[in-house]
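Chemist: There's a structure below that I have some questions on.
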Protein chains: 2
Amino acid sequence: MARVYNFSAGPACLPEEVLKQAAEEMLDYQGTGMSVMEMSHRSKAFDKIIKDAEADLRELMGIPENYKVLFLQGGATQQFAAIPMNLMQNKVADYIVSGSWSKKAFKEAKLYGKANLLASSEDENFSYVPDVDAIEVSEDADYVYICQNETIYGTVYHKLPDTKGKPLVADVSSCFLSEPINVEDYGLIYGGVQKNVGPAGCTIVIVREDLIREGVIPETPSIMRYKTQADADSLSNTPPCYAIYICGLVFKWIKAQGGLEGMKKLNEEKAALLYDFLDNSKLFKGTARKEDRSIMNVPFVTGDAELDALFVAEAKKAGIESIKGHRSVGGMRASIYNAMPMEGVKALVEFMKEFEIKNK
Amino acid sequence: MARVYNFSAGPACLPEEVLKQAAEEMLDYQGTGMSVMEMSHRSKAFDKIIKDAEADLRELMGIPENYKVLFLQGGATQQFAAIPMNLMQNKVADYIVSGSWSKKAFKEAKLYGKANLLASSEDENFSYVPDVDAIEVSEDADYVYICQNETIYGTVYHKLPDTKGKPLVADVSSCFLSEPINVEDYGLIYGGVQKNVGPAGCTIVIVREDLIREGVIPETPSIMRYKTQADADSLSNTPPCYAIYICGLVFKWIKAQGGLEGMKKLNEEKAALLYDFLDNSKLFKGTARKEDRSIMNVPFVTGDAELDALFVAEAKKAGIESIKGHRSVGGMRASIYNAMPMEGVKALVEFMKEFEIKNK
């Protein structure tokens with residue numbers, strides 16, 4: 001079978017070149033006589049893999065020297081706990097809830113201290129991002145938390161909140177490396193890599209050094225202490241080596257596409273094609289507020305659940321995979337991450353056009 | 001370059017057949033048109049992968065129905081915290097320390113309650129397993145903890161402690177699936193898979209259902225609660241999909257080798273070959289007490305650090321990789337896990353014979 005166009009929200013499509021290289025190197029990584037899966041995480045070969053990955057990521061994102069880059073396990077969900085465990089010095093934090101993921105993070109934080117809800121868009125099923133100019137940061141907050149791109153609802157912060165000097169903590173899982181950002185705007189940036197960067201099983205945490213402290217919630221597992229991991233360059237115990245290797249290949253692929261500026265241009269073009277069609281369609285409509293639309297996740301509906309189901313089923317036959325929307329929104333969702341080529345979005349829009357003609 | 005014989009203690013060698021299949025399926029897993037790395041963890045294809053993996057593991061180990069099988073992240077080190085967080089109902093646990101790993105687990109448990117040291121073999125650099133007949137289990141202990149096979153020191157429990165009805169918790173990372181065990185002897189069995197089962201980034205926990213409780217240490221992250229993971233069949237959040245897929249391929253490979261009985265026979269033959277040579281060598285000697293020797297990890301020394309270093313360097317030239325011992329023991333260590341073929345051990349012994357002749 002040919003490769004499909006995979007619109008899954010995550011785990012998600014990876015660059016074909018990366019998969020080809022991984023397949024070629026599977027039994028013998030660059031003359032070592034072994035797979036990356038087989039080599040000691042203390043070996044020279046793996047040391048180069050993880051250091052190159054970090055160097056490439058630093059270059060891509062322009063990460064300043066006073067930020068550490070950690071390659072961890074447990075997914076973003078584990079960070080929902082790790083962040084308050086490590087950062088809640090006053091046991092107070094501010095959360096803006098713009099979707100399911102920030103809501104889960106907010107709930108988890110309550111295990112460790114006082115979590116304030118600064119704003120929420122749950123009143124309209126998270127179809128918009130709360131007005132960041134209307135928030136009031138708590139004086140004693142240890143940090144202000146956002147999920148920058150909510151995967152399920154397809155919204156993104158186009159403007160960051162003014163945190164009044166408090167560290168901004170952002171879950172960027174579903175917009176990681178999709179466009180340039182200014183790392184210094186954040187105290188901590190993190191994301192599960194399985195959407196835009198690599199395979200499931202690795203979480204990247206980029207954290208300003210002054211936030212890495214000895215003093216944490218006493219029950220924090222050693223492995224979840226940023227200090228433990230930072231001091232050991234993410235090798236406090238065996239890291240998810242193969243996932244890190246694939247991330248490293250993706251970083252090199254992004255560099256070859258023109259870096260984050262190149263990705264942004266491509267991502268904006270892909271998103272424009274799809275949103276333009278949606279805005280002019282009589283059958284389909286996007287569910288996120290226009291001003292807050294994500295260029296990564298594009299949820300849309302026909303307004304008729306049966307027709308939605310028919311669309312998903314027929315799309316699958318046409319090689320358009322995993323286009324079904326999350327049950328919280330219904331309908332469809334096209335996740336058009338970095339690795340989704342323009343051809344994939346064109347194929348989707350063509351298919352939508354034909355479907356609209358047949359079903360009007 | 002040809003494949004080497006990789007004696008790494010972990011991550012470690014994997015069956016070549018498994019790597020070949022993984023490479024072949026990299027761009028298109030069984031007609032899905034995508035890599036296993038790219039597919040949603042909620043997809044039918046991945047659902048079958050994880051369910052087949054669990055079914056095969058249950059069959060291989062004879063896991064009774066009242067035990068749950070969890071595929072988690074974070075490595076054994078994360079379980080050092082998760083075990084007391086979940087199991088310390090009375091906030092008391094008994095630990096037997098037979099090496100670095102059980103010592104680390106013992107230390108971590110102290111973050112969550114009273115951890116009693118029942119016995120230790122640190123007095124002789126962990127070269128033996130403490131006498132299990134001499135231990136006195138605490139009356140109020142929530143569990144008794146062992147590391148069944150200590151990777152660094154090459155020791156194994158040939159007899160399990162009588163825990164007086166308390167749940168026995170065992171870290172089996174470095175002897176996982178190396179021979180049949182009676183699962184009902186344990187309350188909880190777990191291991192990082194990167195030694196004998198698969199690539200780094202997945203930890204398998206096999207836990208008796210009555211030990212999966214709502215009531216845990218309050219600060220336990222949601223994702224580390226066995227109940228969260230058991231209720232969600234390990235899909236509470238995105239699991240390490242690709243690592244689970246590789247584990248599943250390894251399970252099928254083990255079944256084709258005659259299951260755990262077949263592995264035991266092969267592993268005993270490999271170990272016998274190496275130990276027989278060591279016991280008759282005038283240059284090399286094993287460092288673990290004979291009665292407690294592991295069939296998985298075989299540390300040995302010449303008694304001369306310079307000669308050890310020469311051995312490691314020359315072995316590498318001969319395609320014998322990652323044979324250097326851990327710094328705590330020095331010398332060499334041959335990890336001869338399931339995937340190490342008899343030919344690899346023969347090649348090692350031949351090389352040792354020649355080295356001994358040259359350096360006597």
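Labels used: A, B, ... for chains in the order of the structure tokens, numbers from 1 for residues in each chain, and numbers from 1 for ligands as shown.
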What are the residues of chain B lining chain A at 8 Å or less? Count only C-alpha atoms, and put the answer as a ChimeraX atom specification.
Modeler: /B:1-4,6,8-14,16,19-20,22-24,26-28,31-35,37-41,73-75,77-78,81,108,111-112,198-201,218-223,237-242,322
Chemist: When you look at Asp292 in chain B with a cut-off of 9 Å (counting only C-alpha atoms), what residues show up, excluding the ones that are within fewer than 5 positions of it in the same chain? I need them as a list in words.
Modeler: Ser127, Tyr128, Val129, Gly154, Thr155, Val156, Tyr157 and His158 of chain B
Chemist: Output N, CA, C and O atoms for every residue in that selection, as a compact mmCIF listing (two decimals), in the first residue's frame.
Modeler:
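Output saved as again_39.txt:
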# COMPACT_ATOMS: atom_id res chain seq x y z
N SER B 127 28.83 -8.65 46.17
CA SER B 127 29.23 -9.81 45.37
C SER B 127 28.37 -11.04 45.67
O SER B 127 28.57 -12.09 45.08
N TYR B 128 27.44 -10.91 46.59
CA TYR B 128 26.57 -12.03 46.93
C TYR B 128 25.16 -11.54 47.22
O TYR B 128 24.93 -10.32 47.36
N VAL B 129 24.23 -12.48 47.32
CA VAL B 129 22.85 -12.16 47.69
C VAL B 129 22.68 -12.49 49.17
O VAL B 129 23.06 -13.58 49.61
N GLY B 154 26.17 -8.90 38.89
CA GLY B 154 25.97 -10.23 38.31
C GLY B 154 25.48 -11.27 39.29
O GLY B 154 25.88 -12.43 39.23
N THR B 155 24.60 -10.84 40.20
CA THR B 155 24.03 -11.80 41.14
C THR B 155 22.53 -11.94 40.92
O THR B 155 21.88 -11.04 40.40
N VAL B 156 22.00 -13.09 41.35
CA VAL B 156 20.57 -13.35 41.21
C VAL B 156 20.08 -14.12 42.43
O VAL B 156 20.85 -14.87 43.04
N TYR B 157 18.84 -13.89 42.79
CA TYR B 157 18.21 -14.68 43.84
C TYR B 157 17.83 -16.04 43.25
O TYR B 157 16.94 -16.11 42.40
N HIS B 158 18.48 -17.09 43.73
CA HIS B 158 18.04 -18.43 43.30
C HIS B 158 16.89 -18.92 44.16
O HIS B 158 16.20 -19.86 43.80
Chemist: Please compute the CA of Ala170 in chain B-CA of Val183 in chain B distance, one decimal, in Å.
Modeler: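 Separation between CA of Ala170 in chain B and CA of Val183 in chain B: 10.6 Å.
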Chemist: Determine which residues of range 112-221 of chain A DSSP labels as strand (DSSP E or B) from the backbone of this structure, then write them out as a count of residues only.
Modeler: 30
Chemist: Report as a list of chain:residue names: the residues of range 118-229 of chain A with a DSSP assignment of alpha helix (DSSP H), based on the backbone of this structure.
Modeler: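 Listing alpha helix (DSSP H) positions across range 118-229 of chain A yields A:Tyr226, A:Lys227, A:Thr228, A:Gln229.
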Chemist: Here is a test: counting only C-alpha atoms, which residue of A:Leu278, A:Val329, A:Ile212, A:Ile323 is nearest to Ala309 in chain A?
Modeler: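 So, comparing all the options, the nearest one is A:Ile323.
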Chemist: I need the residue nearest Ile152 in chain A from this list: A:Val345, A:Val169, A:Ala288, A:Ile320. Use only C-alpha atoms for the distance.
Modeler: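 Using only C-alpha atoms, the shortest distance to Ile152 in chain A belongs to A:Ala288.
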Chemist: Report the distance between CA of Asn196 in chain A and CA of Cys247 in chain B in Å, rounded to one decimal place.
Modeler: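 Between CA of Asn196 in chain A and CA of Cys247 in chain B the gap works out to 24.4 Å.
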Chemist: Quote the spacing between CA of Gly248 in chain B and CA of Asn267 in chain B in Å to one decimal place.
Modeler: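 Atom-to-atom, CA of Gly248 in chain B and CA of Asn267 in chain B are spaced 20.5 Å apart.
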Chemist: Skipping near chain neighbours, those fewer than 3 positions away, what residues fall within 12 Å of Met263 in chain B using only C-alpha atoms, listed as a compact mmCIF listing (two decimals) with N, CA, C and O atoms, in the first residue's frame?
Modeler:
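Everything below was put into result-v4.txt:
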# COMPACT_ATOMS: atom_id res chain seq x y z
N LEU B 60 3.49 -16.10 27.74
CA LEU B 60 4.89 -16.44 28.01
C LEU B 60 5.14 -16.65 29.51
O LEU B 60 5.79 -17.61 29.92
N MET B 61 4.64 -15.72 30.32
CA MET B 61 4.94 -15.75 31.75
C MET B 61 3.89 -16.49 32.56
O MET B 61 4.08 -16.70 33.76
N CYS B 175 16.63 -9.61 34.37
CA CYS B 175 16.40 -11.05 34.16
C CYS B 175 15.00 -11.30 33.59
O CYS B 175 14.54 -12.44 33.55
N PHE B 176 14.37 -10.23 33.13
CA PHE B 176 13.02 -10.30 32.55
C PHE B 176 12.98 -11.34 31.43
O PHE B 176 13.77 -11.27 30.48
N LEU B 177 12.10 -12.29 31.54
CA LEU B 177 11.86 -13.27 30.47
C LEU B 177 13.07 -14.15 30.16
O LEU B 177 13.13 -14.76 29.10
N SER B 178 14.01 -14.21 31.10
CA SER B 178 15.19 -15.04 30.85
C SER B 178 14.93 -16.50 31.19
O SER B 178 15.65 -17.38 30.76
N GLU B 179 13.90 -16.74 32.01
CA GLU B 179 13.53 -18.10 32.40
C GLU B 179 12.13 -18.05 33.00
O GLU B 179 11.65 -16.97 33.36
N PRO B 180 11.46 -19.17 33.13
CA PRO B 180 10.11 -19.14 33.71
C PRO B 180 10.17 -18.71 35.17
O PRO B 180 11.13 -18.99 35.88
N ASN B 196 16.38 -6.85 28.42
CA ASN B 196 16.07 -8.16 27.85
C ASN B 196 14.82 -8.18 26.99
O ASN B 196 14.41 -9.24 26.51
N PHE B 251 8.40 -10.51 22.06
CA PHE B 251 7.59 -11.58 22.67
C PHE B 251 7.34 -12.70 21.65
O PHE B 251 7.44 -13.88 21.96
N TRP B 253 9.13 -13.39 19.08
CA TRP B 253 10.42 -14.04 18.83
C TRP B 253 10.71 -15.06 19.94
O TRP B 253 11.14 -16.18 19.66
N ILE B 254 10.45 -14.69 21.18
CA ILE B 254 10.71 -15.62 22.30
C ILE B 254 9.81 -16.84 22.17
O ILE B 254 10.26 -17.99 22.38
N LYS B 255 8.55 -16.62 21.80
CA LYS B 255 7.65 -17.76 21.61
C LYS B 255 8.22 -18.72 20.55
O LYS B 255 8.19 -19.93 20.72
N ALA B 256 8.77 -18.14 19.50
CA ALA B 256 9.34 -18.98 18.42
C ALA B 256 10.61 -19.71 18.88
O ALA B 256 11.01 -20.71 18.27
N GLN B 257 11.24 -19.22 19.94
CA GLN B 257 12.45 -19.89 20.49
C GLN B 257 12.07 -20.93 21.54
O GLN B 257 12.95 -21.43 22.26
N GLY B 258 10.80 -21.23 21.68
CA GLY B 258 10.39 -22.22 22.68
C GLY B 258 9.95 -21.60 23.99
O GLY B 258 9.97 -22.27 25.03
N GLY B 259 9.60 -20.34 23.96
CA GLY B 259 9.10 -19.67 25.17
C GLY B 259 10.18 -19.55 26.23
O GLY B 259 11.38 -19.61 25.93
N LEU B 260 9.76 -19.36 27.46
CA LEU B 260 10.73 -19.11 28.53
C LEU B 260 11.55 -20.37 28.86
O LEU B 260 12.70 -20.27 29.30
N LEU B 266 18.78 -22.07 26.58
CA LEU B 266 19.82 -21.36 25.84
C LEU B 266 20.67 -20.50 26.79
O LEU B 266 21.90 -20.51 26.71
N ASN B 267 20.00 -19.77 27.68
CA ASN B 267 20.73 -18.88 28.59
C ASN B 267 21.65 -19.67 29.52
O ASN B 267 22.77 -19.24 29.81
N GLU B 268 21.18 -20.81 29.99
CA GLU B 268 22.03 -21.63 30.87
C GLU B 268 23.23 -22.19 30.11
O GLU B 268 24.34 -22.26 30.65
N GLU B 269 23.01 -22.56 28.87
CA GLU B 269 24.13 -23.06 28.07
C GLU B 269 25.17 -21.97 27.82
O GLU B 269 26.37 -22.21 27.94
N LYS B 270 24.68 -20.79 27.50
CA LYS B 270 25.60 -19.67 27.26
C LYS B 270 26.39 -19.36 28.53
O LYS B 270 27.61 -19.20 28.51
N ALA B 271 25.67 -19.28 29.64
CA ALA B 271 26.32 -18.92 30.92
C ALA B 271 27.32 -20.01 31.32
O ALA B 271 28.42 -19.71 31.79
N ILE B 295 22.73 -15.70 35.30
CA ILE B 295 23.00 -16.19 33.94
C ILE B 295 22.85 -15.08 32.91
O ILE B 295 22.94 -15.30 31.72
N MET B 296 22.63 -13.86 33.38
CA MET B 296 22.44 -12.73 32.48
C MET B 296 23.65 -11.81 32.43
O MET B 296 24.07 -11.38 31.37
N ILE B 336 24.75 -11.25 28.82
CA ILE B 336 24.41 -12.26 27.80
C ILE B 336 22.90 -12.52 27.85
O ILE B 336 22.44 -13.58 28.22
N TYR B 337 22.17 -11.47 27.48
CA TYR B 337 20.71 -11.51 27.52
C TYR B 337 20.17 -12.46 26.44
O TYR B 337 20.93 -12.96 25.60
N ASN B 338 18.85 -12.61 26.48
CA ASN B 338 18.17 -13.51 25.53
C ASN B 338 18.68 -13.38 24.09
O ASN B 338 18.86 -14.38 23.40
N ALA B 339 18.85 -12.14 23.64
CA ALA B 339 19.14 -11.92 22.23
C ALA B 339 20.60 -12.17 21.87
O ALA B 339 20.96 -12.13 20.69
N MET B 340 21.45 -12.40 22.86
CA MET B 340 22.85 -12.73 22.55
C MET B 340 22.91 -14.18 22.10
O MET B 340 22.57 -15.09 22.86
N PRO B 341 23.32 -14.42 20.87
CA PRO B 341 23.35 -15.81 20.40
C PRO B 341 24.53 -16.58 21.03
O PRO B 341 25.50 -15.98 21.49
N MET B 342 24.41 -17.89 21.03
CA MET B 342 25.51 -18.75 21.51
C MET B 342 26.82 -18.41 20.80
O MET B 342 27.89 -18.40 21.41
Chemist: Could you list, as number ranges by chain, every residue within 10 Å of Phe106 in chain A, counting only C-alpha atoms and ignoring same-chain residues fewer than 3 positions away?
Modeler: A: 80-81, 84, 93-97, 100-103, 109-111, 114-117, 145-146
Chemist: May I have the selected residues written with N, CA, C and O atoms, as a JSON list (two decimals), in the first residue's frame?
Modeler:
[["chain", "number", "residue", "atom", "x", "y", "z"],
["A", 80, "PHE", "N", 2.43, 17.83, 33.94],
["A", 80, "PHE", "CA", 1.34, 18.48, 34.69],
["A", 80, "PHE", "C", 1.63, 18.41, 36.19],
["A", 80, "PHE", "O", 1.26, 19.31, 36.94],
["A", 81, "ALA", "N", 2.27, 17.31, 36.62],
["A", 81, "ALA", "CA", 2.66, 17.17, 38.03],
["A", 81, "ALA", "C", 4.05, 17.73, 38.28],
["A", 81, "ALA", "O", 4.30, 18.40, 39.29],
["A", 84, "PRO", "N", 4.30, 21.84, 38.93],
["A", 84, "PRO", "CA", 4.07, 22.34, 40.29],
["A", 84, "PRO", "C", 5.03, 21.73, 41.31],
["A", 84, "PRO", "O", 5.48, 22.44, 42.23],
["A", 93, "ALA", "N", -0.01, 29.00, 42.07],
["A", 93, "ALA", "CA", 0.24, 29.19, 40.64],
["A", 93, "ALA", "C", -1.04, 29.62, 39.94],
["A", 93, "ALA", "O", -2.14, 29.32, 40.40],
["A", 94, "ASP", "N", -0.86, 30.35, 38.86],
["A", 94, "ASP", "CA", -2.00, 30.86, 38.08],
["A", 94, "ASP", "C", -2.15, 30.06, 36.79],
["A", 94, "ASP", "O", -1.15, 29.84, 36.08],
["A", 95, "TYR", "N", -3.37, 29.67, 36.49],
["A", 95, "TYR", "CA", -3.62, 28.89, 35.28],
["A", 95, "TYR", "C", -4.65, 29.59, 34.39],
["A", 95, "TYR", "O", -5.67, 30.09, 34.89],
["A", 96, "ILE", "N", -4.37, 29.60, 33.10],
["A", 96, "ILE", "CA", -5.39, 30.01, 32.13],
["A", 96, "ILE", "C", -5.84, 28.73, 31.43],
["A", 96, "ILE", "O", -5.01, 27.96, 30.93],
["A", 97, "VAL", "N", -7.14, 28.49, 31.44],
["A", 97, "VAL", "CA", -7.65, 27.23, 30.90],
["A", 97, "VAL", "C", -8.35, 27.51, 29.57],
["A", 97, "VAL", "O", -9.39, 28.17, 29.53],
["A", 100, "SER", "N", -8.89, 21.22, 27.03],
["A", 100, "SER", "CA", -8.79, 20.04, 27.88],
["A", 100, "SER", "C", -7.42, 19.89, 28.52],
["A", 100, "SER", "O", -7.30, 19.44, 29.66],
["A", 101, "TRP", "N", -6.37, 20.22, 27.77],
["A", 101, "TRP", "CA", -5.03, 19.96, 28.29],
["A", 101, "TRP", "C", -4.67, 20.92, 29.40],
["A", 101, "TRP", "O", -4.14, 20.52, 30.44],
["A", 102, "SER", "N", -4.99, 22.21, 29.23],
["A", 102, "SER", "CA", -4.70, 23.14, 30.32],
["A", 102, "SER", "C", -5.62, 22.87, 31.50],
["A", 102, "SER", "O", -5.23, 23.05, 32.66],
["A", 103, "LYS", "N", -6.83, 22.35, 31.23],
["A", 103, "LYS", "CA", -7.74, 22.02, 32.32],
["A", 103, "LYS", "C", -7.18, 20.86, 33.15],
["A", 103, "LYS", "O", -7.23, 20.87, 34.39],
["A", 109, "ALA", "N", -2.34, 20.42, 39.28],
["A", 109, "ALA", "CA", -1.58, 21.36, 40.12],
["A", 109, "ALA", "C", -2.18, 21.45, 41.52],
["A", 109, "ALA", "O", -1.47, 21.70, 42.50],
["A", 110, "LYS", "N", -3.49, 21.23, 41.61],
["A", 110, "LYS", "CA", -4.15, 21.33, 42.92],
["A", 110, "LYS", "C", -3.69, 20.27, 43.90],
["A", 110, "LYS", "O", -3.92, 20.39, 45.11],
["A", 111, "LEU", "N", -3.04, 19.22, 43.40],
["A", 111, "LEU", "CA", -2.46, 18.21, 44.30],
["A", 111, "LEU", "C", -1.31, 18.79, 45.10],
["A", 111, "LEU", "O", -0.92, 18.24, 46.13],
["A", 114, "LYS", "N", -1.99, 25.80, 45.78],
["A", 114, "LYS", "CA", -3.16, 26.57, 45.37],
["A", 114, "LYS", "C", -3.02, 26.92, 43.90],
["A", 114, "LYS", "O", -2.07, 27.60, 43.49],
["A", 115, "ALA", "N", -3.96, 26.43, 43.11],
["A", 115, "ALA", "CA", -3.94, 26.76, 41.69],
["A", 115, "ALA", "C", -5.11, 27.70, 41.42],
["A", 115, "ALA", "O", -6.26, 27.37, 41.66],
["A", 116, "ASN", "N", -4.77, 28.90, 40.96],
["A", 116, "ASN", "CA", -5.81, 29.90, 40.67],
["A", 116, "ASN", "C", -6.22, 29.82, 39.21],
["A", 116, "ASN", "O", -5.37, 29.72, 38.32],
["A", 117, "LEU", "N", -7.51, 29.90, 38.98],
["A", 117, "LEU", "CA", -8.01, 29.93, 37.60],
["A", 117, "LEU", "C", -8.12, 31.39, 37.18],
["A", 117, "LEU", "O", -9.03, 32.11, 37.58],
["A", 145, "TYR", "N", 0.53, 29.67, 33.93],
["A", 145, "TYR", "CA", 0.53, 28.50, 33.05],
["A", 145, "TYR", "C", -0.45, 28.65, 31.89],
["A", 145, "TYR", "O", -1.61, 29.03, 32.10],
["A", 146, "ILE", "N", 0.02, 28.32, 30.70],
["A", 146, "ILE", "CA", -0.89, 28.23, 29.54],
["A", 146, "ILE", "C", -0.58, 26.97, 28.73],
["A", 146, "ILE", "O", 0.52, 26.42, 28.80]]
